[in-house]
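Visitor: Contents of work.txt (compact mmCIF, C-alpha atoms and all ligand atoms):
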```txt
# COMPACT_ATOMS: atom_id res chain seq x y z
CA MET A 28 -13.69 11.68 -15.53
CA MET A 29 -14.51 12.94 -12.04
CA ILE A 30 -12.90 16.33 -12.62
CA GLU A 31 -13.44 18.34 -15.80
CA THR A 32 -10.55 17.73 -18.16
CA SER A 33 -10.66 21.36 -19.29
CA LEU A 34 -9.84 22.42 -15.73
CA VAL A 35 -6.85 20.08 -15.63
CA THR A 36 -5.69 21.43 -19.01
CA ARG A 37 -6.00 25.01 -17.82
CA GLU A 38 -4.12 24.24 -14.62
CA ASN A 39 -1.38 22.51 -16.60
CA GLU A 40 -1.04 25.39 -19.07
CA THR A 41 0.05 27.72 -16.29
CA ARG A 42 2.87 25.35 -15.35
CA SER A 43 3.97 23.60 -18.53
CA ASN A 44 6.61 26.11 -19.69
CA SER A 45 8.48 26.01 -16.39
CA LEU A 46 8.19 22.23 -16.33
CA LYS A 47 9.69 21.92 -19.81
CA ARG A 48 12.67 24.02 -18.80
CA ASP A 49 13.16 22.08 -15.54
CA TYR A 50 12.87 18.76 -17.37
CA GLU A 51 15.45 19.81 -19.96
CA ALA A 52 17.87 21.03 -17.30
CA LEU A 53 17.56 17.78 -15.33
CA GLY A 54 17.84 15.78 -18.57
CA GLU A 55 21.13 17.49 -19.38
CA ARG A 56 22.47 16.86 -15.90
CA LEU A 57 21.50 13.18 -15.95
CA ASP A 58 22.92 12.84 -19.43
CA ARG A 59 26.33 13.80 -18.03
CA GLN A 60 25.93 10.86 -15.61
CA GLY A 61 25.11 8.56 -18.52
CA ILE A 62 21.41 8.37 -17.62
CA ALA A 63 18.68 8.88 -20.25
CA ILE A 64 15.92 10.90 -18.59
CA ASP A 65 13.23 9.59 -20.96
CA THR A 66 13.97 6.01 -19.89
CA ILE A 67 13.46 6.92 -16.25
CA LYS A 68 10.28 8.81 -17.15
CA GLY A 69 8.96 5.76 -19.03
CA LYS A 70 9.50 3.53 -16.00
CA VAL A 71 7.85 6.04 -13.66
CA ALA A 72 4.88 6.37 -16.03
CA ALA A 73 4.43 2.59 -16.06
CA TYR A 74 4.56 2.38 -12.27
CA GLY A 75 1.38 2.06 -10.21
CA VAL A 76 0.56 1.79 -6.52
CA ALA A 77 -2.88 0.61 -5.35
CA VAL A 78 -5.08 2.82 -3.17
CA PRO A 79 -6.68 1.24 -0.09
CA SER A 80 -10.44 1.78 -0.21
CA TRP A 81 -10.39 2.47 3.53
CA GLY A 82 -7.87 5.30 3.04
CA VAL A 83 -10.32 7.68 1.36
CA GLY A 84 -12.43 8.01 4.49
CA THR A 85 -11.09 10.12 7.36
CA GLY A 86 -9.31 7.91 9.86
CA GLY A 87 -9.20 8.22 13.59
CA THR A 88 -7.63 6.90 16.73
CA ARG A 89 -9.19 5.00 19.59
CA PHE A 90 -9.71 8.38 21.25
CA ALA A 91 -11.63 10.20 18.55
CA ARG A 92 -12.41 10.61 14.93
CA PHE A 93 -12.90 14.02 13.39
CA PRO A 94 -14.83 13.47 10.17
CA GLY A 95 -14.09 15.60 7.13
CA LYS A 96 -16.57 17.15 4.75
CA GLY A 97 -18.12 15.01 2.04
CA GLU A 98 -16.86 11.69 3.33
CA PRO A 99 -17.63 8.70 1.10
CA ARG A 100 -20.78 6.92 2.28
CA ASN A 101 -20.07 3.56 0.70
CA ILE A 102 -17.73 1.72 -1.64
CA PHE A 103 -19.18 3.44 -4.71
CA ASP A 104 -18.37 6.89 -3.30
CA LYS A 105 -14.96 5.55 -2.31
CA LEU A 106 -14.32 4.40 -5.86
CA GLU A 107 -15.18 7.87 -7.14
CA ASP A 108 -12.63 9.41 -4.77
CA CYS A 109 -10.07 6.84 -5.89
CA ALA A 110 -10.80 7.83 -9.50
CA VAL A 111 -9.96 11.45 -8.68
CA ILE A 112 -6.61 10.33 -7.28
CA GLN A 113 -5.90 8.32 -10.42
CA GLN A 114 -7.13 11.04 -12.79
CA LEU A 115 -4.77 13.64 -11.36
CA THR A 116 -1.72 11.52 -10.49
CA ARG A 117 -1.92 8.66 -13.03
CA ALA A 118 -0.10 6.65 -10.40
CA THR A 119 -2.96 4.69 -8.81
CA PRO A 120 -4.77 2.54 -11.39
CA SER A 121 -6.25 0.08 -8.89
CA VAL A 122 -8.06 -0.14 -5.57
CA SER A 123 -7.60 -2.66 -2.78
CA LEU A 124 -10.89 -3.64 -1.11
CA HIS A 125 -11.49 -4.55 2.52
CA ILE A 126 -14.27 -7.03 3.22
CA PRO A 127 -16.86 -6.72 4.72
CA TRP A 128 -16.39 -2.93 4.76
CA ASP A 129 -16.70 -2.82 0.96
CA LYS A 130 -19.07 -5.72 0.42
CA ALA A 131 -21.41 -5.13 -2.55
CA ASP A 132 -22.82 -6.87 -5.58
CA PRO A 133 -19.77 -7.89 -7.67
CA SER A 134 -21.35 -6.84 -10.95
CA ASP A 135 -22.07 -3.37 -9.53
CA LEU A 136 -18.50 -3.12 -8.26
CA LYS A 137 -17.11 -4.17 -11.61
CA ALA A 138 -19.36 -1.83 -13.54
CA LYS A 139 -18.52 1.17 -11.36
CA ALA A 140 -14.76 0.51 -11.43
CA GLY A 141 -14.91 -0.11 -15.18
CA ALA A 142 -16.72 3.16 -15.79
CA LEU A 143 -14.09 4.98 -13.74
CA GLY A 144 -11.18 3.20 -15.42
CA LEU A 145 -10.06 1.48 -12.23
CA GLY A 146 -9.04 -2.13 -11.53
CA PHE A 147 -9.05 -4.14 -8.31
CA ASP A 148 -5.90 -5.07 -6.46
CA ALA A 149 -5.57 -7.54 -3.56
CA MET A 150 -8.64 -8.35 -1.45
CA ASN A 151 -8.23 -7.81 2.29
CA SER A 152 -10.11 -10.00 4.74
CA ASN A 153 -11.19 -8.78 8.16
CA THR A 154 -11.31 -11.11 11.12
CA PHE A 155 -10.08 -8.53 13.60
CA GLN A 156 -13.54 -7.08 14.30
CA ASP A 157 -16.91 -8.61 15.02
CA GLN A 158 -19.55 -7.69 12.47
CA ASP A 159 -23.24 -7.22 13.25
CA GLY A 160 -25.02 -10.56 13.37
CA GLN A 161 -21.81 -12.58 13.44
CA ALA A 162 -22.31 -15.93 15.16
CA LEU A 163 -18.96 -16.27 16.97
CA SER A 164 -16.71 -13.56 18.39
CA TYR A 165 -13.08 -12.82 17.45
CA LYS A 166 -12.37 -11.35 20.88
CA PHE A 167 -9.88 -14.16 21.55
CA GLY A 168 -8.67 -14.66 18.01
CA SER A 169 -9.80 -15.80 14.59
CA LEU A 170 -7.70 -18.15 12.42
CA SER A 171 -5.75 -19.21 15.53
CA HIS A 172 -8.67 -19.32 17.98
CA THR A 173 -8.79 -22.18 20.51
CA ASP A 174 -12.32 -22.97 19.28
CA ALA A 175 -12.55 -24.90 16.00
CA ALA A 176 -15.92 -23.41 15.05
CA THR A 177 -14.55 -19.87 15.38
CA ARG A 178 -11.56 -20.81 13.23
CA ARG A 179 -13.94 -22.28 10.67
CA GLN A 180 -15.95 -19.06 10.60
CA ALA A 181 -12.77 -17.05 9.96
CA ILE A 182 -11.74 -19.47 7.20
CA GLU A 183 -15.16 -19.17 5.58
CA HIS A 184 -14.84 -15.40 5.60
CA ASN A 185 -11.52 -15.58 3.75
CA LEU A 186 -13.03 -17.96 1.19
CA GLU A 187 -15.87 -15.50 0.70
CA CYS A 188 -13.27 -12.77 0.02
CA ILE A 189 -11.68 -14.97 -2.63
CA GLU A 190 -15.05 -15.60 -4.23
CA LEU A 191 -15.90 -11.91 -4.40
CA GLY A 192 -12.38 -11.08 -5.58
CA ARG A 193 -12.67 -13.64 -8.33
CA ALA A 194 -15.86 -12.08 -9.59
CA ILE A 195 -14.31 -8.61 -9.82
CA GLY A 196 -10.94 -9.59 -11.29
CA SER A 197 -8.67 -9.45 -8.23
CA ARG A 198 -5.74 -11.87 -8.16
CA ALA A 199 -4.62 -11.88 -4.54
CA LEU A 200 -5.83 -12.21 -0.97
CA THR A 201 -4.11 -10.40 1.88
CA ILE A 202 -4.60 -11.85 5.34
CA TRP A 203 -3.78 -9.86 8.43
CA VAL A 204 -5.00 -11.10 11.79
CA GLY A 205 -4.81 -9.31 15.12
CA ASP A 206 -4.66 -12.66 16.93
CA GLY A 207 -2.38 -12.81 19.93
CA SER A 208 -2.56 -12.40 23.67
CA ASN A 209 -2.43 -9.67 26.29
CA PHE A 210 -0.97 -11.61 29.22
CA PRO A 211 1.97 -13.96 29.65
CA GLY A 212 0.55 -17.44 29.90
CA GLN A 213 -2.74 -16.51 28.25
CA SER A 214 -1.99 -18.50 25.10
CA HIS A 215 0.15 -21.48 24.21
CA PHE A 216 2.47 -20.08 21.54
CA THR A 217 2.95 -23.35 19.66
CA ARG A 218 -0.65 -24.59 19.72
CA GLN A 219 -1.87 -21.14 18.71
CA PHE A 220 0.48 -20.99 15.72
CA GLU A 221 -0.43 -24.56 14.74
CA HIS A 222 -4.08 -23.50 14.64
CA TYR A 223 -3.16 -20.50 12.48
CA LEU A 224 -1.18 -22.68 10.08
CA ASP A 225 -3.98 -25.25 9.79
CA SER A 226 -6.49 -22.51 9.01
CA ALA A 227 -4.17 -20.82 6.52
CA ARG A 228 -3.54 -24.18 4.80
CA THR A 229 -7.30 -24.66 4.36
CA ILE A 230 -7.61 -21.21 2.75
CA TYR A 231 -4.53 -21.75 0.59
CA ALA A 232 -5.95 -25.06 -0.66
CA GLN A 233 -8.87 -23.14 -2.16
CA LEU A 234 -6.83 -20.35 -3.73
CA PRO A 235 -7.45 -20.13 -7.49
CA ASP A 236 -4.43 -21.19 -9.57
CA ASP A 237 -3.68 -17.69 -10.79
CA TRP A 238 -3.95 -16.11 -7.34
CA ARG A 239 -1.36 -15.29 -4.72
CA LEU A 240 -1.81 -15.31 -0.97
CA PHE A 241 -0.16 -12.53 1.01
CA THR A 242 0.20 -12.78 4.77
CA GLU A 243 1.00 -9.59 6.65
CA HIS A 244 3.02 -9.53 9.85
CA LYS A 245 2.72 -6.92 12.58
CA MET A 246 4.65 -6.74 15.82
CA TYR A 247 1.80 -5.76 18.15
CA GLU A 248 -1.63 -4.11 18.34
CA PRO A 249 -4.39 -5.00 19.00
CA ALA A 250 -2.66 -7.74 21.04
CA PHE A 251 -0.12 -6.19 23.39
CA TYR A 252 1.79 -9.11 24.88
CA SER A 253 2.20 -11.50 21.95
CA THR A 254 1.03 -11.57 18.35
CA VAL A 255 0.76 -14.76 16.30
CA VAL A 256 2.22 -13.34 13.07
CA GLN A 257 4.55 -10.87 14.74
CA ASP A 258 7.50 -10.55 12.41
CA TRP A 259 8.98 -11.43 9.04
CA GLY A 260 10.50 -14.61 10.45
CA THR A 261 7.12 -16.06 11.38
CA ASN A 262 5.72 -14.69 8.15
CA TYR A 263 8.42 -16.43 6.14
CA LEU A 264 7.65 -19.70 7.93
CA ILE A 265 4.00 -19.34 6.95
CA ALA A 266 4.77 -18.66 3.30
CA LYS A 267 7.21 -21.56 3.24
CA GLU A 268 4.75 -23.95 4.91
CA LEU A 269 1.88 -23.04 2.60
CA GLY A 270 3.55 -23.27 -0.80
CA ASP A 271 4.70 -21.50 -3.95
CA ARG A 272 1.83 -19.03 -4.19
CA ALA A 273 2.14 -17.84 -0.60
CA TYR A 274 4.19 -14.71 0.00
CA CYS A 275 4.98 -12.24 2.76
CA LEU A 276 3.51 -8.76 2.75
CA VAL A 277 5.55 -6.00 4.35
CA ASP A 278 3.63 -3.12 5.88
CA LEU A 279 6.26 -0.48 6.62
CA GLY A 280 4.58 0.47 9.91
CA HIS A 281 4.55 -3.02 11.40
CA HIS A 282 8.07 -3.21 12.79
CA ALA A 283 9.97 -2.06 15.86
CA PRO A 284 11.21 1.54 15.40
CA ASN A 285 14.83 0.70 14.64
CA VAL A 286 14.34 -2.38 12.50
CA ASN A 287 16.22 -2.39 9.20
CA ILE A 288 13.23 -2.87 6.89
CA GLU A 289 15.20 -2.63 3.66
CA MET A 290 17.26 -5.60 4.81
CA ILE A 291 14.10 -7.62 5.48
CA VAL A 292 13.06 -6.75 1.95
CA ALA A 293 16.39 -8.00 0.60
CA ARG A 294 16.10 -11.27 2.51
CA LEU A 295 12.57 -11.92 1.28
CA VAL A 296 13.63 -11.14 -2.29
CA GLN A 297 16.61 -13.49 -1.99
CA PHE A 298 14.38 -16.37 -0.95
CA GLY A 299 11.56 -15.61 -3.41
CA LYS A 300 8.98 -14.72 -0.77
CA LEU A 301 8.41 -10.99 -1.10
CA GLY A 302 4.72 -10.64 -1.94
CA GLY A 303 4.16 -6.94 -1.63
CA PHE A 304 3.93 -3.81 0.43
CA HIS A 305 1.62 -1.63 2.42
CA PHE A 306 3.36 1.74 2.19
CA ASN A 307 2.97 4.34 4.92
CA ASP A 308 5.26 6.08 7.39
CA SER A 309 5.63 6.09 11.15
CA LYS A 310 7.46 7.66 14.02
CA TYR A 311 6.48 5.38 16.92
CA GLY A 312 4.35 2.38 15.99
CA ASP A 313 1.81 1.52 13.32
CA ASP A 314 1.12 5.23 12.93
CA ASP A 315 -0.22 4.93 9.36
CA LEU A 316 1.15 8.38 8.50
CA ASP A 317 1.55 9.52 4.92
CA THR A 318 4.21 7.66 2.97
CA GLY A 319 7.53 9.51 3.00
CA SER A 320 6.31 12.13 5.47
CA ILE A 321 8.67 11.11 8.28
CA ASP A 322 11.60 9.23 6.78
CA PRO A 323 11.80 9.54 2.99
CA TYR A 324 15.34 8.14 3.04
CA ARG A 325 14.08 4.85 4.44
CA LEU A 326 11.51 4.64 1.67
CA PHE A 327 14.30 5.30 -0.84
CA LEU A 328 16.41 2.53 0.71
CA VAL A 329 13.51 0.09 0.35
CA PHE A 330 13.20 1.07 -3.31
CA ASN A 331 16.92 0.75 -3.71
CA GLU A 332 16.51 -2.95 -2.86
CA LEU A 333 13.54 -3.27 -5.20
CA VAL A 334 15.35 -1.68 -8.14
CA ASP A 335 18.39 -3.82 -7.42
CA ALA A 336 16.18 -6.94 -7.61
CA GLU A 337 14.44 -5.65 -10.74
CA THR A 338 17.76 -4.86 -12.44
CA ARG A 339 19.28 -8.27 -11.81
CA ARG A 340 15.94 -9.98 -12.57
CA ALA A 341 15.72 -11.79 -9.24
CA PRO A 342 13.72 -15.01 -9.77
CA GLY A 343 10.03 -14.77 -8.86
CA PHE A 344 10.31 -11.05 -8.11
CA ASP A 345 6.94 -9.35 -8.72
CA PRO A 346 5.78 -7.54 -5.56
CA ALA A 347 2.38 -5.88 -5.28
CA HIS A 348 2.47 -2.23 -4.25
CA MET A 349 -0.25 -0.72 -2.07
CA LEU A 350 -0.67 2.24 0.23
CA ASP A 351 -2.11 1.62 3.70
CA GLN A 352 -2.61 4.85 5.60
CA SER A 353 -4.99 6.61 7.91
CA HIS A 354 -5.64 10.31 7.41
CA ASN A 355 -6.73 12.08 10.54
CA VAL A 356 -5.94 15.74 9.89
CA THR A 357 -5.79 16.07 6.08
CA ASP A 358 -8.16 15.61 3.17
CA PRO A 359 -7.60 11.89 2.40
CA ILE A 360 -7.61 12.51 -1.35
CA GLU A 361 -4.77 15.01 -1.02
CA SER A 362 -2.78 12.73 1.30
CA LEU A 363 -3.19 9.74 -1.00
CA MET A 364 -2.16 11.77 -4.07
CA VAL A 365 0.95 13.08 -2.32
CA SER A 366 1.77 9.62 -0.96
CA ALA A 367 1.46 7.94 -4.35
CA MET A 368 3.84 10.56 -5.73
CA GLU A 369 6.25 9.96 -2.84
CA VAL A 370 6.36 6.28 -3.73
CA GLN A 371 7.02 7.17 -7.36
CA ARG A 372 9.72 9.60 -6.25
CA ALA A 373 11.53 6.92 -4.24
CA TYR A 374 11.32 4.62 -7.26
CA ALA A 375 12.71 7.28 -9.63
CA GLN A 376 15.54 8.14 -7.24
CA ALA A 377 16.42 4.47 -6.84
CA LEU A 378 16.53 4.14 -10.63
CA LEU A 379 19.26 6.82 -10.66
CA VAL A 380 21.67 4.83 -8.45
CA ASP A 381 24.87 4.03 -10.33
CA ARG A 382 24.72 0.29 -9.60
CA LYS A 383 27.97 -0.57 -11.34
CA ALA A 384 29.89 2.00 -9.33
CA LEU A 385 28.13 0.89 -6.15
CA GLU A 386 29.11 -2.72 -6.72
CA GLY A 387 32.72 -1.66 -7.21
CA PHE A 388 32.75 0.36 -3.99
CA GLN A 389 31.17 -2.53 -2.12
CA GLN A 390 33.71 -4.96 -3.52
CA ASP A 391 36.57 -2.65 -2.48
CA ASN A 392 35.04 -1.98 0.94
CA ASP A 393 34.91 1.73 0.19
CA ALA A 394 32.12 2.48 2.63
CA LEU A 395 32.21 6.24 2.14
CA MET A 396 31.91 6.17 -1.64
CA ALA A 397 29.32 3.40 -1.54
CA THR A 398 27.02 5.39 0.69
CA THR A 399 27.75 8.59 -1.27
CA THR A 400 26.57 6.78 -4.41
CA LEU A 401 23.19 6.21 -2.77
CA LYS A 402 23.04 9.76 -1.42
CA THR A 403 23.80 11.25 -4.83
CA ALA A 404 20.74 9.52 -6.27
CA PHE A 405 18.58 10.35 -3.24
CA ARG A 406 19.50 14.03 -3.35
CA THR A 407 18.46 14.41 -6.98
CA ASP A 408 15.24 16.37 -7.34
CA VAL A 409 13.28 14.10 -9.69
CA GLU A 410 10.08 16.15 -9.54
CA PRO A 411 10.34 17.22 -13.23
CA ILE A 412 10.39 13.53 -14.23
CA LEU A 413 7.30 12.72 -12.18
CA ALA A 414 5.44 15.82 -13.34
CA MET A 415 6.29 15.22 -17.00
CA ALA A 416 5.14 11.60 -16.72
CA ARG A 417 1.84 12.84 -15.28
CA LEU A 418 1.40 15.56 -17.91
CA GLU A 419 2.05 13.19 -20.81
CA SER A 420 -0.44 10.65 -19.51
CA GLY A 421 -3.23 13.18 -19.01
CA GLY A 422 -2.69 13.87 -15.31
CA ALA A 423 -1.97 17.11 -13.53
CA ILE A 424 1.45 18.72 -13.22
CA ASP A 425 0.44 19.75 -9.71
CA PRO A 426 -2.32 17.35 -8.57
CA VAL A 427 -3.03 19.07 -5.24
CA ALA A 428 -3.40 22.49 -6.89
CA ALA A 429 -5.69 21.07 -9.58
CA TYR A 430 -7.74 19.22 -6.97
CA ARG A 431 -8.19 22.36 -4.87
CA ALA A 432 -9.08 24.41 -7.94
CA SER A 433 -11.73 21.84 -8.90
CA GLY A 434 -13.71 22.29 -5.66
CA TYR A 435 -14.38 18.53 -5.70
CA ARG A 436 -14.64 18.21 -1.93
CA ASN A 437 -17.28 20.92 -1.64
CA LYS A 438 -19.23 19.46 -4.52
CA VAL A 439 -19.41 16.00 -2.99
CA ALA A 440 -20.17 17.51 0.42
CA ASP A 441 -23.45 18.76 -1.08
CA ILE A 442 -24.55 15.21 -1.83
CA ARG A 443 -22.83 13.29 0.94
CA PRO A 444 -24.37 14.11 4.33
CA GLU A 445 -22.14 15.01 7.25
CA VAL A 446 -21.40 12.15 9.64
CA SER A 447 -20.81 12.25 13.36
CA GLY A 448 -17.38 11.69 14.84
CA ALA A 449 -18.68 10.58 18.18
CA GLY A 450 -17.89 7.08 19.30
CA GLY A 451 -14.25 6.92 18.26
CA GLY A 452 -12.93 5.60 15.01
CA ILE A 453 -11.19 2.76 13.34
CA VAL A 454 -7.44 2.81 13.20
C1 LIG B 501 -3.29 -3.69 10.28
C2 LIG B 501 -3.39 -3.20 8.84
C3 LIG B 501 -3.85 -4.31 7.92
C4 LIG B 501 -5.33 -4.05 7.86
C5 LIG B 501 -5.35 -2.53 7.77
C6 LIG B 501 -6.67 -1.86 7.99
O1 LIG B 501 -2.70 -2.71 11.09
O2 LIG B 501 -2.19 -2.66 8.42
O3 LIG B 501 -3.28 -4.18 6.65
O4 LIG B 501 -5.97 -4.67 6.80
O5 LIG B 501 -4.37 -2.18 8.75
MN MN B 502 -1.40 -2.99 6.42
MN MN B 503 -1.26 -1.50 9.98
```
Kindly transcribe the structure held in the file into structure tokens.
Ligand code: LRH
Ligand code: MN
Ligand code: MN

Guide:
Amino acid sequence: MMIETSLVTRENETRSNSLKRDYEALGERLDRQGIAIDTIKGKVAAYGVAVPSWGVGTGGTRFARFPGKGEPRNIFDKLEDCAVIQQLTRATPSVSLHIPWDKADPSDLKAKAGALGLGFDAMNSNTFQDQDGQALSYKFGSLSHTDAATRRQAIEHNLECIELGRAIGSRALTIWVGDGSNFPGQSHFTRQFEHYLDSARTIYAQLPDDWRLFTEHKMYEPAFYSTVVQDWGTNYLIAKELGDRAYCLVDLGHHAPNVNIEMIVARLVQFGKLGGFHFNDSKYGDDDLDTGSIDPYRLFLVFNELVDAETRRAPGFDPAHMLDQSHNVTDPIESLMVSAMEVQRAYAQALLVDRKALEGFQQDNDALMATTTLKTAFRTDVEPILAMARLESGGAIDPVAAYRASGYRNKVADIRPEVSGAGGGIV
């Protein structure tokens, strides 16, 4: 354990009486609605969202990066920070690696994660940056590049990610490429997409049988005129072209501001192609803000679709859940803990929706009562359920308070040297 269990116990003791009373009061209220609170708690306790390894370092923009104290120096430090998040929230049992940022000896990775009680979620490849010593540049694209040798290099990198992932027990590869163009006429849309598809087919052909391939769409950035995998339509085409184990990954920040994301989710569920999520929040673009910090209702509406699919056992429905955020002004551990709990909260609230009543209102075209049914669930303060689930599984009733009381950040700052923020940062 990264934080002394006696500290967590002490912290919990100061809050457990109030929690018990709040849990009982909510239980009684839900009981009147025909909902068993313990069933909801059980589902919340079994729920997990993966932490992105890159999220535990302080993020930045293209203007600046302001490093925090005690930043992780490498993947092993990152795993320790991820273990703190899991210890206190019990909501983040696995970590999603980004290669080559997290490249290390697979047996060391496995041993460290095993010792910390963590597993590995999807592997993320990176062909949107050039790495030191790389033979060919991705300045004009990677999997869709006009040059076959550059495409081959990007394919090889993805195969290397699969190989490493295999050795550490991952079961999925997520591909996001920044490929696109900055000027009208710069690229031939069709030829470029053909190149992408050919490359993706080559990777897919080497995917282990028990693996899934997730492709992630994003409207723009770093390309500002056109992007090869720009929306869920193109993403669906890719998944359909590749085969049964290819799915679409939905990063909440990768859409135009007014896009109805929950409806995209419903469509992908309906056609068996929803692979998973990168949760975050945004106000303008791919802001990578903390999940639920801007529009918690939208997050709830996404979960409303997921619980609907889960309840009616939609065929092939098994999405992977990950956070994908950048923390510029907060302690990343605190942000990730709060975000994981926000995801759990949206799940718990969606579990409270009276689906039978909703179906009736929809059938009768009673728009007002249908939407009120959703609002009733969304307005319910489910915090006692989340906190009780944490307490019973050894976590903290109030993870942020316990984390601050532990002094973890100061302790690691003593061993992890300060880094410079000069030179900008990664987004
Ligand atoms: C692209 C993205 C993608 C990358 C991550 C660092 O904006 O969402 O998932 O892997 O950011
Ligand atoms: Mn993402
Ligand atoms: Mn993104």

Visitor: If I take atom CA of A:Ala404 and atom CA of A:Glu419, how far is one from the other in Å, to one decimal?

Guide: 24.0 Å

Visitor: Which residue gives the smallest distance to ligand LIG 501 (chain B) among A:Glu243, A:Glu332, A:Asp391, A:Glu410, with all atoms listed in the file counted?

Guide: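 Checking each candidate against ligand LIG 501 (chain B), we get A:Glu243 as the closest.
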
Visitor: Produce as a list of chain:residue names the set of residues near ligand MN 502 (chain B), where near means within 10 Å with all atoms listed in the file considered.

Guide: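 Within the 10 Å cut-off, the matching residues are A:Pro79, A:Asn151, A:Thr201, A:Ile202, A:Trp203, A:Glu243, A:His244, A:Lys245, A:Leu276, A:Val277, A:Asp278, A:Leu279, A:Gly280, A:His281, A:Phe304, A:His305, A:Phe306, A:Asn307, A:Asp313, A:Asp315, A:Met349, A:Leu350, A:Asp351, A:Gln352.
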
Visitor: Which of these residues is nearest to ligand LIG 501 (chain B), using all atoms listed in the file: A:Arg339, A:His184, A:Arg42, A:His125?

Guide: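 Comparing A:Arg339, A:His184, A:Arg42, A:His125 against ligand LIG 501 (chain B), the winner is A:His125.
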
Visitor: Tell me, as a compact mmCIF listing (two decimals) with C-alpha atoms, keeping the file's coordinate frame, which residues lie within 7 Å of stretch 426-439 of chain A, counting all atoms listed in the file; anything in the same chain fewer than 2 positions away does not count.

Guide:
```
# COMPACT_ATOMS: atom_id res chain seq x y z
CA ILE A 30 -12.90 16.33 -12.62
CA VAL A 35 -6.85 20.08 -15.63
CA GLU A 38 -4.12 24.24 -14.62
CA GLY A 97 -18.12 15.01 2.04
CA LEU A 115 -4.77 13.64 -11.36
CA THR A 116 -1.72 11.52 -10.49
CA GLU A 361 -4.77 15.01 -1.02
CA ALA A 423 -1.97 17.11 -13.53
CA ILE A 424 1.45 18.72 -13.22
CA ASP A 441 -23.45 18.76 -1.08
CA ILE A 442 -24.55 15.21 -1.83
CA ARG A 443 -22.83 13.29 0.94
```

Visitor: Could you check the closest approach to A:Arg178 for each of A:Gly144, A:Pro211, A:Gln219, A:Pro444 and tell me which residue wins, using only C-alpha atoms?

Guide: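 With only C-alpha atoms as the atom set, the closest residue is A:Gln219.
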
Visitor: Counting only C-alpha atoms, note down every residue that has an atom within 10 Å of the point (19.1, -3.6, -10.8) (file coordinates), as number ranges by chain.

Guide: A: 331-341, 377-378, 380-383

Visitor: Could you tell me how far atom CA of A:Thr357 lies from atom CA of A:Gly87, in Å and to one decimal?

Guide: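 Computing the Euclidean distance for atom CA of A:Thr357 and atom CA of A:Gly87 yields 11.4 Å.
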
Visitor: Taking 3 positions as the minimum chain separation for residues in the same chain, which residues sit within 12 Å of A:Ser362 when counting only C-alpha atoms? Answer as a ChimeraX atom specification.

Guide: /A:78,82-86,109,112,116,307,315-320,350-359,365-369,426-427,430

Visitor: Save the residues we just selected, C-alpha atoms, as a PDB file, in the coordinates of the input?

Guide:
```pdb
ATOM      1  CA  VAL A  78      -5.080   2.820  -3.170  1.00  0.00           C
ATOM      2  CA  GLY A  82      -7.870   5.300   3.040  1.00  0.00           C
ATOM      3  CA  VAL A  83     -10.320   7.680   1.360  1.00  0.00           C
ATOM      4  CA  GLY A  84     -12.430   8.010   4.490  1.00  0.00           C
ATOM      5  CA  THR A  85     -11.090  10.120   7.360  1.00  0.00           C
ATOM      6  CA  GLY A  86      -9.310   7.910   9.860  1.00  0.00           C
ATOM      7  CA  CYS A 109     -10.070   6.840  -5.890  1.00  0.00           C
ATOM      8  CA  ILE A 112      -6.610  10.330  -7.280  1.00  0.00           C
ATOM      9  CA  THR A 116      -1.720  11.520 -10.490  1.00  0.00           C
ATOM     10  CA  ASN A 307       2.970   4.340   4.920  1.00  0.00           C
ATOM     11  CA  ASP A 315      -0.220   4.930   9.360  1.00  0.00           C
ATOM     12  CA  LEU A 316       1.150   8.380   8.500  1.00  0.00           C
ATOM     13  CA  ASP A 317       1.550   9.520   4.920  1.00  0.00           C
ATOM     14  CA  THR A 318       4.210   7.660   2.970  1.00  0.00           C
ATOM     15  CA  GLY A 319       7.530   9.510   3.000  1.00  0.00           C
ATOM     16  CA  SER A 320       6.310  12.130   5.470  1.00  0.00           C
ATOM     17  CA  LEU A 350      -0.670   2.240   0.230  1.00  0.00           C
ATOM     18  CA  ASP A 351      -2.110   1.620   3.700  1.00  0.00           C
ATOM     19  CA  GLN A 352      -2.610   4.850   5.600  1.00  0.00           C
ATOM     20  CA  SER A 353      -4.990   6.610   7.910  1.00  0.00           C
ATOM     21  CA  HIS A 354      -5.640  10.310   7.410  1.00  0.00           C
ATOM     22  CA  ASN A 355      -6.730  12.080  10.540  1.00  0.00           C
ATOM     23  CA  VAL A 356      -5.940  15.740   9.890  1.00  0.00           C
ATOM     24  CA  THR A 357      -5.790  16.070   6.080  1.00  0.00           C
ATOM     25  CA  ASP A 358      -8.160  15.610   3.170  1.00  0.00           C
ATOM     26  CA  PRO A 359      -7.600  11.890   2.400  1.00  0.00           C
ATOM     27  CA  VAL A 365       0.950  13.080  -2.320  1.00  0.00           C
ATOM     28  CA  SER A 366       1.770   9.620  -0.960  1.00  0.00           C
ATOM     29  CA  ALA A 367       1.460   7.940  -4.350  1.00  0.00           C
ATOM     30  CA  MET A 368       3.840  10.560  -5.730  1.00  0.00           C
ATOM     31  CA  GLU A 369       6.250   9.960  -2.840  1.00  0.00           C
ATOM     32  CA  PRO A 426      -2.320  17.350  -8.570  1.00  0.00           C
ATOM     33  CA  VAL A 427      -3.030  19.070  -5.240  1.00  0.00           C
ATOM     34  CA  TYR A 430      -7.740  19.220  -6.970  1.00  0.00           C
TER      35      TYR A 430
END
```

Visitor: Kindly give the distance, in Å, that separates atom CA of A:Val204 and atom CA of A:Thr261, rounded to a single decimal.

Guide: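 Those two atoms sit 13.1 Å apart.
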